[in-house]
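The file start34.cif comes next; it holds mmCIF, C-alpha atoms and all ligand atoms.
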data_upload
#
loop_
_atom_site.label_atom_id
_atom_site.label_comp_id
_atom_site.auth_asym_id
_atom_site.auth_seq_id
_atom_site.Cartn_x
_atom_site.Cartn_y
_atom_site.Cartn_z
CA MET A 1 -17.56 48.90 -87.46
CA GLU A 2 -20.29 50.75 -85.59
CA PRO A 3 -20.73 50.24 -81.85
CA LEU A 4 -23.30 47.60 -80.94
CA ALA A 5 -26.59 49.48 -80.54
CA GLN A 6 -28.47 49.32 -77.26
CA GLY A 7 -31.21 46.70 -77.38
CA LYS A 8 -29.02 44.32 -79.42
CA THR A 9 -27.86 40.99 -77.97
CA LEU A 10 -24.40 40.22 -76.63
CA GLY A 11 -23.71 36.47 -76.67
CA ILE A 12 -21.24 34.95 -74.21
CA LEU A 13 -19.43 31.66 -74.85
CA GLY A 14 -19.39 30.09 -71.39
CA GLY A 15 -21.79 30.32 -68.45
CA GLY A 16 -19.59 30.58 -65.34
CA GLN A 17 -19.38 33.42 -62.84
CA LEU A 18 -17.34 35.56 -65.22
CA GLY A 19 -20.08 35.23 -67.84
CA ARG A 20 -22.70 36.08 -65.24
CA LEU A 21 -20.89 39.26 -64.17
CA ILE A 22 -20.33 40.26 -67.81
CA ALA A 23 -24.05 39.69 -68.52
CA GLU A 24 -25.09 41.80 -65.52
CA ALA A 25 -22.91 44.65 -66.76
CA ALA A 26 -24.22 44.30 -70.33
CA ALA A 27 -27.82 44.44 -69.12
CA THR A 28 -27.06 47.65 -67.20
CA LEU A 29 -25.73 49.18 -70.42
CA GLY A 30 -28.99 48.34 -72.20
CA TYR A 31 -28.03 45.16 -74.05
CA ARG A 32 -29.88 41.88 -74.16
CA THR A 33 -27.77 38.89 -73.22
CA ALA A 34 -27.34 35.29 -74.29
CA ALA A 35 -24.95 32.65 -72.96
CA LEU A 36 -23.99 29.09 -73.80
CA ASP A 37 -23.21 26.45 -71.17
CA ALA A 38 -23.79 22.73 -70.68
CA SER A 39 -25.89 23.34 -67.56
CA ALA A 40 -29.07 25.41 -67.16
CA LYS A 41 -27.99 25.88 -63.52
CA SER A 42 -24.71 27.57 -64.49
CA PRO A 43 -24.24 31.06 -62.99
CA ALA A 44 -24.76 32.96 -66.27
CA LEU A 45 -27.59 30.87 -67.69
CA GLN A 46 -29.64 31.64 -64.58
CA ILE A 47 -29.72 35.33 -65.43
CA VAL A 48 -29.34 35.93 -69.20
CA ASP A 49 -32.26 36.72 -71.51
CA ILE A 50 -31.45 33.82 -73.83
CA PRO A 51 -29.91 30.77 -72.13
CA ILE A 52 -28.58 28.20 -74.59
CA ILE A 53 -27.79 24.77 -73.25
CA GLY A 54 -24.92 22.98 -74.94
CA ALA A 55 -21.21 22.37 -74.63
CA VAL A 56 -18.96 25.35 -75.42
CA ASP A 57 -16.74 23.07 -77.46
CA ASP A 58 -19.65 21.92 -79.64
CA PRO A 59 -19.62 23.96 -82.89
CA LEU A 60 -23.36 23.46 -83.46
CA ALA A 61 -24.25 24.72 -79.98
CA ALA A 62 -21.87 27.65 -80.44
CA LEU A 63 -23.54 28.46 -83.77
CA GLU A 64 -26.91 28.42 -82.04
CA LEU A 65 -25.57 31.05 -79.64
CA ALA A 66 -24.23 33.05 -82.59
CA GLU A 67 -27.62 33.00 -84.30
CA ALA A 68 -29.32 34.27 -81.13
CA SER A 69 -26.75 37.08 -80.76
CA ASP A 70 -25.58 40.19 -82.64
CA LEU A 71 -22.03 40.10 -81.26
CA LEU A 72 -20.05 37.50 -79.37
CA THR A 73 -17.49 37.36 -76.60
CA LEU A 74 -16.15 34.68 -74.26
CA GLU A 75 -15.50 34.14 -70.59
CA TRP A 76 -13.21 31.10 -70.90
CA GLU A 77 -9.98 30.94 -72.89
CA LEU A 78 -9.92 27.21 -73.56
CA ILE A 79 -12.73 27.02 -76.12
CA PRO A 80 -11.25 25.18 -79.13
CA VAL A 81 -9.95 27.62 -81.74
CA GLY A 82 -11.85 25.72 -84.47
CA VAL A 83 -15.14 26.48 -82.71
CA LEU A 84 -14.19 30.13 -82.32
CA GLU A 85 -13.27 30.37 -86.01
CA THR A 86 -16.63 28.85 -86.95
CA VAL A 87 -18.68 31.32 -84.89
CA ALA A 88 -16.50 34.26 -85.92
CA LYS A 89 -17.70 33.69 -89.50
CA ALA A 90 -21.31 34.03 -88.31
CA ARG A 91 -20.99 37.05 -85.97
CA PRO A 92 -18.27 39.47 -84.87
CA LEU A 93 -16.30 37.83 -82.04
CA TYR A 94 -14.00 39.67 -79.62
CA PRO A 95 -11.32 38.76 -78.76
CA ALA A 96 -10.37 37.21 -82.12
CA PRO A 97 -9.66 33.47 -82.37
CA SER A 98 -6.01 34.30 -83.22
CA VAL A 99 -5.53 35.72 -79.69
CA LEU A 100 -6.84 32.53 -78.12
CA ALA A 101 -4.67 30.42 -80.40
CA VAL A 102 -1.59 32.04 -78.82
CA ILE A 103 -2.84 31.89 -75.23
CA GLN A 104 -4.40 28.42 -74.96
CA ASP A 105 -1.23 26.41 -75.03
CA ARG A 106 1.27 27.43 -72.34
CA LEU A 107 4.19 26.63 -74.62
CA THR A 108 2.83 28.71 -77.53
CA GLN A 109 2.08 31.54 -75.09
CA LYS A 110 5.56 31.44 -73.58
CA ASN A 111 7.23 31.26 -76.98
CA PHE A 112 5.14 34.23 -78.14
CA LEU A 113 6.14 36.26 -75.07
CA ALA A 114 9.80 35.26 -75.53
CA ARG A 115 9.76 36.20 -79.22
CA HIS A 116 8.48 39.66 -78.30
CA GLY A 117 11.14 40.08 -75.60
CA PHE A 118 8.88 39.93 -72.53
CA PRO A 119 10.72 38.74 -69.40
CA GLN A 120 9.87 35.24 -68.11
CA THR A 121 11.37 32.60 -65.84
CA PRO A 122 13.51 30.01 -67.71
CA TYR A 123 11.17 27.43 -69.28
CA GLY A 124 11.02 24.74 -71.92
CA GLU A 125 9.00 21.89 -73.33
CA ALA A 126 8.98 19.10 -70.72
CA THR A 127 9.21 16.04 -72.96
CA THR A 128 12.09 14.55 -70.97
CA ALA A 129 13.63 15.58 -67.64
CA ALA A 130 16.71 16.87 -69.45
CA GLY A 131 17.47 20.55 -69.05
CA TRP A 132 14.99 21.28 -66.24
CA LYS A 133 16.20 23.98 -63.89
CA TYR A 134 15.39 23.12 -60.25
CA PRO A 135 13.36 23.95 -58.24
CA VAL A 136 10.96 23.43 -61.13
CA ILE A 137 7.22 23.47 -61.76
CA ILE A 138 5.81 21.15 -64.42
CA LYS A 139 2.58 22.46 -65.91
CA ARG A 140 0.19 20.93 -68.41
CA ARG A 141 0.34 22.85 -71.69
CA THR A 142 -3.46 23.02 -71.91
CA HIS A 143 -6.40 22.76 -69.53
CA GLY A 144 -4.37 23.41 -66.40
CA TYR A 145 -5.59 26.35 -64.33
CA ASP A 146 -5.77 27.45 -60.69
CA GLY A 147 -2.71 25.34 -59.98
CA LYS A 148 -4.35 22.19 -61.40
CA GLY A 149 -2.31 19.96 -63.71
CA GLN A 150 0.89 21.16 -62.03
CA CYS A 151 3.66 19.47 -60.12
CA ARG A 152 6.46 21.07 -58.08
CA LEU A 153 9.87 19.42 -57.82
CA GLU A 154 12.62 20.65 -55.50
CA SER A 155 15.47 18.62 -57.01
CA GLU A 156 16.32 15.99 -59.58
CA SER A 157 15.51 13.17 -57.13
CA ASP A 158 11.86 14.35 -57.14
CA ALA A 159 11.55 13.88 -60.91
CA PRO A 160 9.50 10.62 -60.70
CA LYS A 161 6.73 12.62 -58.94
CA ALA A 162 6.01 14.30 -62.27
CA ALA A 163 4.98 11.04 -63.99
CA GLU A 164 1.22 11.63 -63.57
CA VAL A 165 1.18 15.23 -64.83
CA LEU A 166 3.52 14.29 -67.70
CA LYS A 167 0.87 11.96 -69.16
CA ALA A 168 -0.22 15.02 -71.13
CA PRO A 169 2.13 17.48 -72.91
CA CYS A 170 3.77 19.83 -70.40
CA VAL A 171 6.14 22.74 -70.01
CA TRP A 172 8.73 23.10 -67.26
CA GLU A 173 9.25 26.42 -65.53
CA LYS A 174 11.97 27.32 -63.06
CA LYS A 175 10.27 28.17 -59.76
CA VAL A 176 10.47 31.89 -59.08
CA ASP A 177 11.54 33.21 -55.69
CA PHE A 178 9.24 36.21 -55.74
CA LYS A 179 8.57 39.08 -53.35
CA ALA A 180 5.00 39.58 -54.55
CA GLU A 181 2.52 38.48 -57.16
CA ILE A 182 0.81 41.29 -59.00
CA SER A 183 -1.61 41.55 -61.87
CA VAL A 184 -2.43 44.23 -64.37
CA ILE A 185 -6.00 44.34 -65.60
CA LEU A 186 -6.55 46.39 -68.71
CA ALA A 187 -9.07 46.83 -71.46
CA ARG A 188 -8.21 47.38 -75.10
CA GLY A 189 -10.90 48.74 -77.39
CA ARG A 190 -11.54 47.88 -81.01
CA ASP A 191 -9.80 51.18 -81.85
CA GLY A 192 -6.65 50.08 -79.99
CA LYS A 193 -7.13 52.50 -77.10
CA THR A 194 -6.35 51.05 -73.69
CA ALA A 195 -7.59 51.72 -70.16
CA VAL A 196 -5.58 50.26 -67.30
CA TYR A 197 -6.65 49.61 -63.71
CA PRO A 198 -4.39 50.24 -60.71
CA VAL A 199 -1.92 47.35 -60.34
CA ALA A 200 -3.27 44.71 -57.95
CA GLU A 201 -1.39 42.55 -55.46
CA ASN A 202 -2.46 38.93 -55.13
CA ALA A 203 -2.19 36.25 -52.45
CA HIS A 204 -2.57 32.62 -53.54
CA ARG A 205 -3.29 29.46 -51.53
CA ASP A 206 -2.44 26.10 -53.13
CA GLY A 207 -2.10 27.73 -56.55
CA VAL A 208 -5.56 29.36 -56.33
CA LEU A 209 -6.19 33.08 -55.92
CA HIS A 210 -7.11 33.78 -52.30
CA ALA A 211 -7.23 37.57 -52.01
CA THR A 212 -6.39 40.71 -53.94
CA ARG A 213 -5.67 44.26 -52.87
CA ALA A 214 -5.31 47.38 -54.91
CA PRO A 215 -3.25 49.40 -55.25
CA ALA A 216 -0.35 46.98 -54.89
CA ARG A 217 2.26 48.00 -52.32
CA ILE A 218 5.01 48.50 -54.88
CA PRO A 219 7.08 51.52 -55.93
CA ARG A 220 5.47 53.82 -58.46
CA ASP A 221 8.12 53.18 -61.12
CA VAL A 222 7.67 49.39 -60.79
CA ALA A 223 3.91 49.79 -61.20
CA ALA A 224 4.51 51.92 -64.29
CA LYS A 225 6.81 49.24 -65.69
CA ALA A 226 4.18 46.54 -65.06
CA VAL A 227 1.52 48.60 -66.81
CA ALA A 228 3.80 49.25 -69.81
CA LEU A 229 4.53 45.52 -70.12
CA ALA A 230 0.83 44.61 -70.02
CA VAL A 231 -0.14 47.24 -72.57
CA LYS A 232 2.62 46.05 -74.93
CA ILE A 233 1.45 42.44 -74.57
CA SER A 234 -2.15 43.42 -75.42
CA GLU A 235 -0.89 45.29 -78.48
CA ALA A 236 1.36 42.44 -79.62
CA LEU A 237 -1.62 40.09 -79.38
CA GLY A 238 -4.05 42.49 -81.06
CA HIS A 239 -6.39 41.82 -78.15
CA VAL A 240 -9.83 43.41 -77.83
CA GLY A 241 -11.59 43.29 -74.47
CA VAL A 242 -10.35 42.98 -70.92
CA MET A 243 -7.09 41.16 -70.35
CA ALA A 244 -5.11 40.22 -67.25
CA VAL A 245 -1.36 39.84 -67.05
CA GLU A 246 -0.09 38.05 -63.94
CA MET A 247 3.47 38.91 -62.97
CA PHE A 248 6.03 38.03 -60.33
CA LEU A 249 7.87 40.89 -58.59
CA LEU A 250 11.36 39.73 -57.66
CA HIS A 251 13.45 40.86 -54.70
CA ASP A 252 15.53 43.12 -56.99
CA GLU A 253 12.28 44.83 -58.13
CA SER A 254 12.43 43.27 -61.59
CA LEU A 255 9.31 41.74 -63.12
CA LEU A 256 8.62 38.41 -64.82
CA VAL A 257 5.42 37.64 -66.71
CA ASN A 258 3.68 34.54 -65.28
CA GLU A 259 0.69 34.24 -67.55
CA VAL A 260 -1.77 36.14 -69.69
CA ALA A 261 -5.54 35.68 -69.53
CA PRO A 262 -7.43 37.22 -72.50
CA ARG A 263 -10.59 37.81 -70.47
CA VAL A 264 -11.98 39.32 -67.30
CA HIS A 265 -10.05 37.91 -64.37
CA ASN A 266 -10.58 36.92 -60.75
CA SER A 267 -7.88 39.38 -59.64
CA GLY A 268 -9.95 42.18 -61.22
CA HIS A 269 -13.07 41.53 -59.13
CA TYR A 270 -12.06 44.36 -56.81
CA THR A 271 -12.99 46.78 -59.62
CA LEU A 272 -16.65 45.84 -59.08
CA GLY A 273 -17.58 48.65 -56.72
CA GLY A 274 -13.93 49.60 -56.25
CA CYS A 275 -13.51 51.52 -59.50
CA ALA A 276 -15.62 53.94 -61.49
CA VAL A 277 -16.28 51.30 -64.16
CA SER A 278 -15.83 47.60 -63.30
CA GLN A 279 -13.74 45.22 -65.42
CA PHE A 280 -17.03 43.60 -66.51
CA GLU A 281 -18.60 46.82 -67.79
CA GLN A 282 -15.24 47.74 -69.32
CA HIS A 283 -15.13 44.42 -71.18
CA VAL A 284 -18.64 45.00 -72.55
CA ARG A 285 -17.62 48.53 -73.56
CA ALA A 286 -14.48 47.30 -75.32
CA VAL A 287 -16.08 44.48 -77.31
CA CYS A 288 -19.22 46.47 -78.16
CA GLY A 289 -17.18 49.42 -79.44
CA LEU A 290 -18.25 51.91 -76.74
CA PRO A 291 -15.74 54.38 -75.26
CA LEU A 292 -13.80 52.89 -72.33
CA GLY A 293 -14.71 54.15 -68.85
CA GLY A 294 -12.79 55.40 -65.82
CA THR A 295 -10.47 53.02 -63.98
CA ASP A 296 -9.61 55.05 -60.88
CA LEU A 297 -10.14 53.56 -57.44
CA LEU A 298 -13.15 55.44 -56.06
CA GLU A 299 -12.09 55.33 -52.42
CA GLY A 300 -8.32 54.99 -52.65
CA GLN A 301 -8.13 51.25 -51.97
CA ALA A 302 -10.06 48.05 -52.43
CA ALA A 303 -9.71 44.37 -51.53
CA MET A 304 -11.31 41.13 -52.66
CA VAL A 305 -11.44 37.78 -50.90
CA ASN A 306 -12.47 34.57 -52.70
CA LEU A 307 -15.07 32.26 -51.18
CA LEU A 308 -14.24 28.65 -52.08
CA GLY A 309 -16.49 25.62 -51.63
CA GLY A 310 -14.75 24.37 -48.47
CA LEU A 311 -16.23 27.33 -46.61
CA TRP A 312 -19.61 25.55 -46.77
CA ASP A 313 -18.27 22.50 -44.84
CA LYS A 314 -20.50 23.24 -41.86
CA GLY A 315 -23.42 24.58 -43.88
CA GLU A 316 -24.17 28.11 -45.08
CA PRO A 317 -21.46 30.50 -43.86
CA LYS A 318 -22.43 33.14 -41.28
CA TRP A 319 -22.76 36.01 -43.73
CA SER A 320 -24.02 38.41 -41.04
CA LEU A 321 -20.43 38.54 -39.75
CA LEU A 322 -19.46 40.46 -42.88
CA ASP A 323 -21.83 43.29 -42.01
CA GLU A 324 -19.40 44.71 -39.46
CA ILE A 325 -16.87 45.58 -42.22
CA PRO A 326 -17.36 49.11 -43.56
CA GLY A 327 -17.61 49.14 -47.36
CA VAL A 328 -18.17 45.38 -47.73
CA LYS A 329 -20.14 43.75 -50.53
CA LEU A 330 -20.92 40.05 -50.90
CA HIS A 331 -21.18 38.45 -54.35
CA LEU A 332 -22.43 34.86 -54.62
CA TYR A 333 -22.51 33.22 -58.02
CA GLY A 334 -25.63 31.06 -57.64
CA LYS A 335 -23.79 27.72 -57.57
CA SER A 336 -25.69 25.11 -55.56
CA ASP A 337 -22.97 22.48 -55.19
CA ALA A 338 -20.22 23.75 -52.86
CA ARG A 339 -17.41 21.37 -53.81
CA PRO A 340 -14.07 22.03 -52.05
CA GLY A 341 -11.97 24.46 -54.09
CA ARG A 342 -14.89 25.56 -56.27
CA LYS A 343 -15.19 29.34 -56.63
CA MET A 344 -18.61 30.04 -55.05
CA GLY A 345 -18.36 33.80 -54.64
CA HIS A 346 -16.22 36.60 -53.27
CA TYR A 347 -16.53 39.69 -51.13
CA THR A 348 -15.05 43.08 -51.74
CA VAL A 349 -14.15 45.84 -49.34
CA VAL A 350 -13.85 49.35 -50.68
CA GLY A 351 -12.19 52.22 -48.80
CA ALA A 352 -10.18 52.54 -45.61
CA ALA A 353 -10.95 49.04 -44.26
CA ALA A 354 -9.62 47.26 -47.38
CA ASP A 355 -5.96 46.95 -46.33
CA ALA A 356 -6.78 45.45 -42.95
CA GLU A 357 -9.30 43.07 -44.49
CA PHE A 358 -6.73 41.79 -47.00
CA ALA A 359 -4.37 41.09 -44.07
CA ARG A 360 -6.96 39.26 -41.99
CA ALA A 361 -8.77 37.40 -44.78
CA ASP A 362 -7.83 33.97 -43.37
CA ALA A 363 -9.22 34.77 -39.92
CA ARG A 364 -12.37 36.23 -41.44
CA LEU A 365 -12.97 33.09 -43.51
CA GLU A 366 -12.46 30.93 -40.41
CA ALA A 367 -15.06 32.97 -38.53
CA LEU A 368 -17.55 32.79 -41.42
CA ARG A 369 -17.25 29.00 -41.38
CA GLY A 370 -18.99 28.96 -38.01
P1 LIG B 401 -0.59 29.48 -62.70
O1 LIG B 401 -1.88 28.71 -62.82
O2 LIG B 401 0.45 29.04 -63.65
O3 LIG B 401 -0.78 30.97 -62.67
O4 LIG B 401 -0.05 29.12 -61.25
C1 LIG B 401 -0.81 29.38 -60.09
C2 LIG B 401 0.07 29.95 -59.00
O5 LIG B 401 1.16 29.05 -58.72
C3 LIG B 401 0.72 31.27 -59.32
O6 LIG B 401 -0.12 32.35 -59.12
C4 LIG B 401 1.89 31.24 -58.34
O7 LIG B 401 1.46 31.51 -57.02
C5 LIG B 401 2.33 29.80 -58.41
N1 LIG B 401 3.33 29.65 -59.51
C6 LIG B 401 3.08 29.34 -60.80
N2 LIG B 401 4.22 29.32 -61.54
C7 LIG B 401 5.22 29.63 -60.70
C8 LIG B 401 6.64 29.75 -60.82
N3 LIG B 401 7.27 29.57 -62.00
N4 LIG B 401 7.36 30.07 -59.71
C9 LIG B 401 6.76 30.25 -58.51
N5 LIG B 401 5.42 30.14 -58.31
C10 LIG B 401 4.66 29.83 -59.38
#
Would you mind writing the structure in this file as structure tokens?
Amino acid sequence: MEPLAQGKTLGILGGGQLGRLIAEAAATLGYRTAALDASAKSPALQIVDIPIIGAVDDPLAALELAEASDLLTLEWELIPVGVLETVAKARPLYPAPSVLAVIQDRLTQKNFLARHGFPQTPYGEATTAAGWKYPVIIKRRTHGYDGKGQCRLESESDAPKAAEVLKAPCVWEKKVDFKAEISVILARGRDGKTAVYPVAENAHRDGVLHATRAPARIPRDVAAKAVALAVKISEALGHVGVMAVEMFLLHDESLLVNEVAPRVHNSGHYTLGGCAVSQFEQHVRAVCGLPLGGTDLLEGQAAMVNLLGGLWDKGEPKWSLLDEIPGVKLHLYGKSDARPGRKMGHYTVVGAAADAEFARADARLEALRG
């Protein structure tokens, strides 16, 4: 199939910050943009050419988006596969519904990775407490993200604590004693060519991404192994577009796959300004059939710090305090309601100051709070 011609419309299923950043990149490449979300105030609907208001899991609303678009993509992996199959009959959709069918359910995803020989922590279906390996994490099979719908148990005596989370189907996963959390962000084109970003190192707070730095402080051969794993996963899935693979680095330098996201990813935000072509532009390039762009870090290193709703506790944060950081850039997503834990924005630091900023992100956030 030909590349999507400039002037045509890229439609995005979902209107969150990821959709907004994809739409901004698409506009820069000369495309018109459309997005579907339940709220006109959503980050992407504020800025696209054709905002369509409706639920992403409503097939009629999704078809309306398809009719307004020449090609479709998504920013959220939990859109029901039936809806994706419906719109894929109307317009080309990347990634394909079959990719999402594997990813959406943690158990299906883990079984897929196991079948293809990718290393993971011991896991199983959590129907009863039998066979769990402690310390264990119980996770909802669907609709759990950013540490939500999860429960951590140190030993068998904790098992009753899982009752609430177990009201929906779950998997159990042995807790990993890791040295670092890393992620590989890559793009795979319609032609199967891949472009991989430098491996990133992530810090989480309460199961939510807090900060990222790239390149990760890991040996070169470990980074190469992580990249090879991620590329093989994208090939096994037949993915098209940007994809993130989160991994645990163990103390013996071995790697376990945590989870796969078939979309642009929070841990790839550092590429926006940090790399020649951002993950958002790369995603647009991949799904539209354009050649993939450069993934090198422009100034050797980059960092990203998430700005969650709690930062607004005392009112608007003191953004002027960021100005003292060389190479800093603030990105706010246009969300008006700063609920605790909600991803409101992030800032990136590109160049020599990035390492130090990653290390002092907590103190910086405290200062911004006022
Ligand atoms: P998830 O939403 O499954 O990626 O989990 C969010 C975060 O919780 C991860 O990035 C880790 O920091 C932590 N986590 C999840 N699963 C495990 C595990 N099996 N062992 C240790 N930490 C985990």
Next item on the list: For A:Leu21, work out the shell of residues within 12 Å, counting only C-alpha atoms and skipping chain neighbours fewer than 2 positions away, then give it as a VMD selection string.
Entry: chain A and resid 12 14 to 19 23 to 28 33 35 43 to 48 75 264 to 266 268 to 269 271 to 272 278 to 284 331 to 334 345
Note to self: Show me which residues are within 8 Å of ligand LIG 401 (chain B) counting all atoms listed in the file, and format the list as number ranges by chain.
What the structure shows: A: 121, 136-137, 139, 144-148, 173-178, 181, 203-209, 246, 258-259
Margin query: What does the structure give for the distance between atom CA of A:Ala226 and atom CA of A:Ala187, in Å to one decimal?
Written below: 14.7 Å
Notebook entry, point to check: For A:Gly341, which residue out of A:Pro262, A:His210, A:Glu201, A:Gly274 is the nearest one, using all atoms listed in the file?
Noted result: A:His210
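Neighbours of A:Leu321 closer than or equal to 9 Å, with all atoms listed in the file counted and sequence neighbours fewer than 5 positions away skipped, come out as Arg364, Ala367 and Leu368 of chain A.
Here the question is which of A:Gly124, A:Gly300, A:Gly315, A:Gly310 gets nearest to A:Gly351 using all atoms listed in the file, and that residue is A:Gly300.
When atom CA of A:Ala354 is paired with atom CA of A:Lys179, their separation reads 20.8 Å.
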Check: Do you have the atom CA of A:Gly241-atom CA of A:Ala96 distance handy?
Finding: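 Computing it gives 9.8 Å between the two atoms.
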Check: Near A:Leu186, counting all atoms listed in the file, which residues have an atom at most 6 Å away, once you skip same-chain residues fewer than 3 positions from it, shown as a ChimeraX atom specification?
Finding: /A:195-197,242-243
Check: So which one's closest to A:Ala168, A:Asn202, A:Ser39, A:Thr127, A:Ser69? Using all atoms listed in the file, please.
Finding: A:Thr127
Margin query: I need the residue nearest A:Val328 from this list: A:Val349, A:Lys314, A:Pro219, A:His116. Use only C-alpha atoms for the distance.
Written below: A:Val349
Checklist line | For A:Pro92, the nearest of the candidates A:Val222, A:Leu4, A:Val227, A:Leu330, counting all atoms listed in the file | finding: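 Among the listed residues, the smallest separation from A:Pro92 belongs to A:Leu4.
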Check: Using only C-alpha atoms, can you list as a ChimeraX atom specification the residues within 8 Å of (2.0, 40.1, -69.9)?
Finding: /A:113,118,229-234,244-247,257-260
Next item on the list: Go through A:Asp296, A:Glu156, A:Glu125, A:Asp58 and flag the residue nearest A:Pro198, using all atoms listed in the file for the distances.
Entry: A:Asp296
Next item on the list: For A:Glu164, list every protein, DNA or RNA residue within 10 Å, evaluated using all atoms listed in the file, and leave out those in the same chain fewer than 6 positions away; present the list as a list in words.
Entry: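 Non-adjacent residues within range: Gly149, Gln150 and Cys151 of chain A.
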Margin query: Report as an MDAnalysis selection string all protein, DNA and RNA residues lying within 10 Å of A:Leu78, evaluated on all atoms listed in the file, omitting residues in the same chain fewer than 4 positions from it.
Written below: chainID A and resid 56:57 74 100:101 103:105 142:144
